[in-house]
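Novice: My questions all concern the structure below.
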Amino acid sequence: MNEPEVYGLFAIPISTPDGELIDFVLKYGNELGDSGGQVLLWRPLGDPRRTDAVYKKQRTKALELADGVYINEYKQEIARSGSSAHHRRGEVLQLRKRFGLQQEDLPLIVFYAGDPVNEKAILHIPEHIFTNKQHCRNLLLLLSHKLSESMILQFASSGAFTKMSMLKLQSYFIDIEKIIVLLGEPEISGIIEDNNRDRNDSRLHAEESDVDCINNYALYYSRGMSIIPLSKDKYKELVCSYNQYDIIIDGVARKCYKRDCASSAHQEKLLTPSEFNIIRDFVAHEGIHRPMKFRNCSKGRAMSAIRLFDSARKKVDIRLSTGEFMLFRTHGGRTPELRRYEFAPPEEIKWTLIELADS
């Protein structure tokens with residue numbers, strides 16, 4: 001399958017012989033395509049006549065002509081092999097060789113930037129996700145958010161995908177894989193399942209693939225850097241159950257509930273909008289950063305960002321000793337201007353950060 005040059009990326013699902021990932025993309029292709037917009041061109045394997053309407057709407061004239069040729073070749077191959085499944089296995093084998101994949105790597109999605117870049121990024125999907133209908137719906141919700149046009153475009157350089165873009169995208173996919181692994185766990189799966197129930201139940205039962213009516217009131221950040229939409233009712237329920245968490249940073253009410261151990265009572269702190277925003281930025285951007293990175297300020301005004309971060313950290317974090325905190329690590333620097341910080345909560349700490357979905 002030699003694709004003509006197109007804007008954006010091809011998203012090519014490659015399954016194990018059972019074909020579960022390809023079937024998933026064929027079933028939910030319209031939702032994935034609508035989310036990916038003009039940036040992701042979903043290209044399932046197998047019969048090209050089954051390809052979703054979004055792909056047909058997005059493809060270029062050159063790609064449409066190429067698909068016409070491929071349909072004829074596909075019909076001839078099926079006539080020779082006598083089985084569409086056999087033909088699909090052949091396609092998978094060809095793509096494995098083309099992209100340097102091993103059988104044990106599957107299933108996965110290859111995101112491919114064509115000529116002149118010819119680079120790929122890979123998102124692995126665990127097979128066990130496809131054994132449970134609810135997990136499949138959770139995966140669809142996650143991919144629709146994480147692989148949306150706006151999320152993917154942030155890795156493009158002036159609207160084009162370069163070699164560096166693809167390296168950054170691969171790092172992004174590694175973070176998504178950490179979340180996918182958690183989809184079957186009660187803490188994450190329960191939140192997504194409750195959101196599904198908060199939608200229009202009649203539409204959900206009538207059409208399982210419909211995910212457009214999620215009530216996106218707030219976003220929930222937690223371990224594994226999972227970001228999950230919450231309905232308003234689910235947000236209220238989560239905040240009322242703050243005793244289950246060591247630290248809740250609530251950007252909706254601009255409050256923080258924190259305790260230093262399970263037997264302690266929670267302290268409640270009020271946050272200003274700027275204090276919440278700088279904490280949210282550190283949480284959302286993994287790694288080591290200086291506070292001024294998120295405040296868009298010049299070196300001459302660096303101290304204002306540092307003072308803002310210090311004030312916010314004291315409200316949301318637990319002080320362990322002089323200069324040492326539980327959630328944020330301090331890295332180097334003899335002066336405040338040189339110090340960098342990393343959001344790195346210990347594994348045993350149960351935390352979450354919540355913000356309004358449209359903030």
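Identifiers in this document derive from the order of the structure tokens: chains are assigned A, B, ..., residues are numbered from 1 separately in each chain, and ligands are numbered from 1 in order of occurrence.
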Which residues come within 9 Å of Lys314 of chain A, counting only C-alpha atoms, excluding same-chain residues fewer than 5 positions away, as a PyMOL selection string?
Specialist: chain A and resi 309+319+325
Novice: Residues near segment 163-165 of chain A, anyone? I mean within 10 Å using only C-alpha atoms, not counting same-chain ones fewer than 4 positions away, as a JSON list (two decimals) with C-alpha atoms, in the first residue's frame.
Specialist:
```
[["chain", "number", "residue", "atom", "x", "y", "z"],
["A", 113, "ALA", "CA", 4.18, 10.60, 7.65],
["A", 116, "PRO", "CA", 9.35, 13.36, 1.99],
["A", 117, "VAL", "CA", 9.46, 12.60, 5.74],
["A", 118, "ASN", "CA", 8.86, 8.83, 5.66],
["A", 119, "GLU", "CA", 8.83, 8.55, 9.45],
["A", 120, "LYS", "CA", 6.52, 6.63, 11.77],
["A", 121, "ALA", "CA", 5.34, 6.65, 15.37],
["A", 152, "ILE", "CA", -1.98, 15.86, 17.19],
["A", 153, "LEU", "CA", -1.44, 19.22, 15.48],
["A", 154, "GLN", "CA", 0.53, 20.50, 18.46],
["A", 155, "PHE", "CA", 3.40, 18.24, 17.32],
["A", 156, "ALA", "CA", 3.48, 19.65, 13.78],
["A", 157, "SER", "CA", 6.00, 22.30, 12.79],
["A", 169, "LEU", "CA", 4.71, 12.13, 18.83],
["A", 170, "GLN", "CA", 6.30, 8.80, 19.76]]
```
Novice: In terms of the shortest atom-to-atom distance over only C-alpha atoms, which of A:Pro229, A:Gly100, A:Pro107, A:Gly333 is closest to Pro126 of chain A?
Specialist: A:Pro107
Novice: For Ile288 of chain A, work out the shell of residues within 8 Å, counting only C-alpha atoms and skipping chain neighbours fewer than 5 positions away, then give it as an MDAnalysis selection string.
Specialist: chainID A and resid 331 340:343
Novice: With only C-alpha atoms as the counted atoms, please give the residues lying no more than 8 Å from Arg254 of chain A, apart from itself and same-chain residues fewer than 6 positions off, as JSON, numbers by chain.
Specialist: {"A": [270, 271, 272, 273, 276]}
Novice: Would you save the residues of that selection, restricted to C-alpha atoms, as a compact mmCIF listing (two decimals), in the first residue's frame?
Specialist:
```
# COMPACT_ATOMS: atom_id res chain seq x y z
CA LEU A 270 -7.98 28.16 48.74
CA LEU A 271 -6.16 28.78 45.45
CA THR A 272 -6.16 31.86 43.25
CA PRO A 273 -6.76 31.22 39.51
CA PHE A 276 -4.08 26.74 40.16
```
Novice: Which residues are close to Leu123 of chain A, i.e. within 6 Å by only C-alpha atoms, leaving aside same-chain residues fewer than 3 positions away? Reply as a short mmCIF file (atom, residue, chain, number, x, y, z; two decimals) with N, CA and C atoms, in the first residue's frame.
Specialist:
```cif
data_model
loop_
_atom_site.label_atom_id
_atom_site.label_comp_id
_atom_site.auth_asym_id
_atom_site.auth_seq_id
_atom_site.Cartn_x
_atom_site.Cartn_y
_atom_site.Cartn_z
N LEU A 108 -1.08 -2.95 17.09
CA LEU A 108 -0.59 -1.59 17.24
C LEU A 108 -1.14 -0.73 16.11
N ILE A 109 -0.96 0.56 16.26
CA ILE A 109 -1.34 1.50 15.20
C ILE A 109 -0.08 2.23 14.76
N PHE A 173 2.89 9.09 22.54
CA PHE A 173 2.22 7.79 22.49
C PHE A 173 2.64 6.89 23.65
#
```
Novice: Restricting the calculation to only C-alpha atoms: of A:Ser222, A:Thr131, A:Ser274, A:Gln38, which residue gets closest to Leu147 of chain A?
Specialist: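 Closest candidate: A:Gln38.
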Novice: Would you work out the distance separating atom CA of Tyr221 of chain A from atom CA of Ile354 of chain A, expressed in Å to one decimal?
Specialist: 6.2 Å
Novice: Find the residues around Gly36 of chain A up to 7 Å (only C-alpha atoms counted), leave out those fewer than 3 positions away in its own chain, and share them as a VMD selection string.
Specialist: chain A and resid 32 to 33 39 to 40 147 to 149
Novice: Find, counting only C-alpha atoms, the residue in A:Val239, A:Cys136, A:Ile122, A:Ile349 that gets nearest to Ile176 of chain A.
Specialist: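 Residue with the minimum atom-to-atom distance to Ile176 of chain A: A:Ile122.
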Novice: Of the candidates A:Leu230, A:Leu106, A:Ala160, A:Leu356, which shows the shortest atom-to-atom distance to Leu93 of chain A, using only C-alpha atoms?
Specialist: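 Closest candidate: A:Leu106.
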Novice: Neighbouring residues of Thr16 of chain A were defined as those with any atom within 12 Å, considering only C-alpha atoms; residues of the same chain fewer than 4 positions away were excluded. Please report them as a list in words.
Specialist: Glu20, Leu21, Ile22, Asp23, Ala85, Arg88, Arg89, Gly90, Glu91, Val92, Leu93, Arg96, Leu101, Gln102, Gln103, Glu104, Asp105, Leu106, Pro107, Leu108, Ile109, His124, Ile125, Pro126, Glu127 and Phe130 of chain A
Novice: May I ask for the distance between atom CA of Phe294 of chain A and atom CA of Asn277 of chain A, given in Å to one decimal place?
Specialist: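 The value is 8.8 Å.
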Novice: In Å, how far is it from atom CA of Ser150 of chain A to atom CA of Leu219 of chain A?
Specialist: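 About the pair atom CA of Ser150 of chain A and atom CA of Leu219 of chain A: they are 16.4 Å apart.
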